Number of protein chains: 2
Amino acid sequence: MTELRPVTSSLQDYLEVILNLSEEKKVVRVTDIADRLDIAKPSVIQALALLKEKGLIRQNRYGPVELTEEGYRCAEKVWHRHNVLFGFLTQILGVSPQAAEEDACLIEHDLSSETFEKLISFLKEQKIEAHYQKRKRCDLKAQGPGNGGRKK
Amino acid sequence: MTELRPVTSSLQDYLEVILNLSEEKKVVRVTDIADRLDIAKPSVIQALALLKEKGLIRQNRYGPVELTEEGYRCAEKVWHRHNVLFGFLTQILGVSPQAAEEDACLIEHDLSSETFEKLISFLKEQKIEAHYQKRKRCDLKAQGPGNGGRKK
DNA sequence: TAAAAATGTTAGGATAACCTAACATGAATA
DNA sequence: TATTCATGTTAGGTTATCCTAACATTTTTA
């Protein structure tokens with residue numbers, strides 16, 4: 001009876017973006033999410049319907065989008081992973097912020113917990129506290145045409 | 001007129017497995033690929049059809065599968081990335097071989113060239129030549145029920 | 001060599017994640 | 001307030017990647 005399907009990478013991306021947007025502005029709307037992810041609005045609507053089913057967001061018809069407690073926890077987790085990766089890529093490997101941002105987005109969902117734990121330990125040993133420095137996702141778009149988006 | 005679609009992550013996985021299998025045995029067959037990837041044979045057939053279209057493999061009806069020159073180059077590239085990642089994860093981060101194997105598989109297709117270059121430089125600095133130590137994919141299955149496969 | 005087993009293929013479906021076009025609603029404004 | 005415009009939604013597709021069931025071919029073996 002409960003939702004059986006997992007929270008896919010794609011859905012995690014939506015949660016992450018909703019979290020970021022809600023830190024930037026009072027209310028988060030479908031259009032904001034669509035713009036940020038560079039995805040058509042109907043696709044966003046469809047994804048939001050799934051997130052609602054799973055109890056991760058709340059949204060009334062034509063209303064703004066909000067994370068539930070559980071949705072917030074889930075989004076924070078992904079965002080934390082994102083920051084760990086971003087910190088590692090930029091500060092240890094010296095990857096450019098643009099590439100690091102994109103790469104972090106791509107792999108943040110996939111890596112095992114084990115690898116994440118080891119990565120965090122490694123960063124601590126190197127006295128890198130990168131994972132505490134939160135960055136806003138919007139920085140990405142501001143950094144020029146990095147083609148971080150999807151749509152053709 | 002030429003093949004327009006890209007060689008997706010999934011197709012790269014097939015090429016990689018074909019490369020590995022062809023180093024292990026005289027001929028590579030549909031069943032071998034299906035077993036290794038834990039994917040149903042019809043799915044393999046379908047993927048092989050696409051790889052043929054792109055000129056990356058050769059296969060006659062009911063016959064064995066072979067990489068073309070281009071297919072071989074493509075497979076080698078992915079396999080090299082796999083090994084770089086595996087080396088980094090196990091030797092720098094201390095991740096277990098099982099988790100490293102799975103994680104490498106998941107992200108080998110996604111990371112930017114920039115990140116790969118930096119990663120290779122980093123490994124060189126650390127005197128780690130991990131990317132030269134080729135491992136056979138089959139090691140994975142031998143390492144117990146790591147659930148590296150896909151099928152339910 | 002005929003039957004059985006293994007292997008390869010075709011046909012038809014499902015699901016996730018996108019899309020465009022058309023329509024509905026709500027907010028801004030002339 | 002009537003119109004316009006931004007925003008949200010529905011309906012109906014498309015593509016990639018997987019699946020099962022049924023069938024065809026090849027290989028093995030009794």
# chains A, B, ... in the order shown; residues from 1 in each chain; ligands from 1
$ interface_residues --of "chain A" --to "chain D" --cutoff "9 Å" --atoms "only C-alpha atoms (C1' of nucleotides)" --output "count of residues only"
9
$ closest_atom_pairs --of "chain C" --to "chain A" --cutoff "10 Å" --atoms "only C-alpha atoms (C1' of nucleotides)" --output "JSON lines"
{"residue": "C:DA16", "atom": "C1'", "partner": "A:Thr8", "partner_atom": "CA", "distance": 9.1}
{"residue": "C:DA17", "atom": "C1'", "partner": "A:Ser43", "partner_atom": "CA", "distance": 7.9}
{"residue": "C:DC18", "atom": "C1'", "partner": "A:Ser43", "partner_atom": "CA", "distance": 6.7}
{"residue": "C:DC19", "atom": "C1'", "partner": "A:Ala40", "partner_atom": "CA", "distance": 7.5}
{"residue": "C:DT20", "atom": "C1'", "partner": "A:Ala40", "partner_atom": "CA", "distance": 9.5}
{"residue": "C:DT25", "atom": "C1'", "partner": "A:Tyr62", "partner_atom": "CA", "distance": 7.6}
{"residue": "C:DG26", "atom": "C1'", "partner": "A:Tyr62", "partner_atom": "CA", "distance": 8.3}
$ atom_distance --atom1 "atom CA of B:Asp32" --atom2 "atom C1' of C:DT7"
10.5 Å
$ interface_residues --of "chain A" --to "chain B" --cutoff "8 Å" --atoms "only C-alpha atoms" --output "PyMOL selection string"
chain A and resi 89+93-95+99-100+103+106-107+110-112+114-115+118-119+122
$ select_by_dssp --residues "chain B" --states "strand (DSSP E)" --output "list in words"
Ile57, Arg58, Glu66 and Leu67 of chain B
$ atom_distance --atom1 "atom CA of B:Gly71" --atom2 "atom CA of B:Leu19"
9.0 Å
$ residues_around --residues "A:Leu15" --least-positions-apart "6" --cutoff "12 Å" --atoms "only C-alpha atoms (C1' of nucleotides)" --output "MDAnalysis selection string"
chainID A and resid 7:9 21:22 28 33 37 44 47:48 50:52 54:58 65:79
